[in-house]
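Everything on this sheet refers to the single structure shown next.
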Amino acid sequence: MSVSRPPVLRRAPHSTRTGIGIGTCAAALLLLTGCGGTPENASVTHPALRPGAPASPGVGGPPGRAPVRAAPVPHAPHAAPRGIPGLGPRTRAAIPAGSRQALVVTGDDYDSSLSTAVLYTRDDPARGWRPVTGRWPARNALDGWTDRHEQGDLRSPVGVYGLTYAGGLLSPPRTAFPYDHNPLFTVGGEGFDGEPLEGSFDYVVAIDYNRTPGTTPLDRTRPLGEERGGGIWLHVDHGGPTQGCVSLPADRMRDLLTALDPAKKPVVVMGDAEGLER
């Protein structure tokens with residue numbers, strides 16, 4: 001009589017074909033969980049992974065991911081309006097806010113009669129001042145500059161002054177500026193270096209120092225008194241120092257008269273370089 005033997009349960013041999021053992025599967029499970037996936041029968045314990053849990057408040061990505069914050073967009077710095085080089089805070093503050101043209105006359109030194117001039121404009125206040133000419137050669141008074149001009153001191157007054165009226169012996173070039181074409185602008189004699197003064201007043205622009213703005217350069221009204229001098233003009237260079245005026249070559253005076261626009265309320269900013277930097 002045969003006796004039935006209970007079946008022998010044999011452990012299945014470890015598979016080497018798939019290359020994935022128990023440890024590897026655990027690692028794979030961890031990888032899936034870490035990437036936001038959940039195995040079908042896995043236990044869900046993190047609140048963010050529970051079914052129906054709201055998405056994370058971060059920007060983008062499925063529920064359970066760490067919030068992804070958008071990088072802040074840097075703001076481009078606003079460029080400050082360009083100023084006129086060589087001018088200090090006190091000089092800049094003296095230029096009227098409504099002025100959009102400025103002839104800047106910069107003396108070589110406090111006691112020098114040599115200077116240069118550049119015309120600036122600010123048609124766009126947000127962009128500031130920009131030069132519209134090159135550096136023009138210029139001259140000023142024999143003994144240089146002063147912060148307090150007196151009659152006969154042979155110095156040009158430092159400061160910011162309006163330009164409101166022009167004139168001259170010759171017919172004006174094309175200009176929008178008020179112009180007094182008058183034979184009284186005739187001049188003769190010699191300058192400090194023996195040079196002839198003839199033609200110096202062919203074109204002039206009155207500088208509103210100790211005068212009534214908006215009147216002909218020939219007007220002799222002196223609001224500050226006669227002792228403070230007057231008759232300070234921009235005029236044609238005669239080849240030597242002036243008594244108090246600023247002179248430019250004849251072609252530059254014509255260029256200036258053509259460029260000046262009374263609607264832009266032009267001014268002259270004048271003085272020695274060190275004085276203008278204050």
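Starting from 1 in every chain, residues are counted up; chains themselves are A, B, ... following the order of the structure tokens, and ligands are numbered from 1 as listed.
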
DSSP-assigned alpha helix (DSSP H) members of segment 82-266 of chain A, reported as an MDAnalysis selection string: chainID A and resid 89:94 250:259

Expected answer as an MDAnalysis selection string: strand (DSSP E or B) residues in segment 77-226 of chain A: chainID A and resid 82 101:107 114:121 128 130:131 136:139 141 145:146 156:157 159:168 179:181 190 196 204:207

Nearest-residue call for Leu119 of chain A, choices A:Arg82, A:Arg222, A:Arg228, A:Arg252, using only C-alpha atoms: A:Arg252

Pick from A:Phe185, A:Trp233, A:Trp136, A:Trp145 nearest to Glu198 of chain A, counting only C-alpha atoms: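 Closest to Glu198 of chain A of all the choices is A:Phe185.
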
Minimum-distance residue to Ala166 of chain A, chosen among A:Leu142, A:Met253, A:Leu87, A:Val104 (using only C-alpha atoms):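 Residue with the minimum atom-to-atom distance to Ala166 of chain A: A:Met253.
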
For Leu154 of chain A, the nearest of the candidates A:Asp208, A:Asp111, A:Glu195, A:Asp123, counting only C-alpha atoms: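 For Leu154 of chain A, the nearest of the candidates is A:Asp111.
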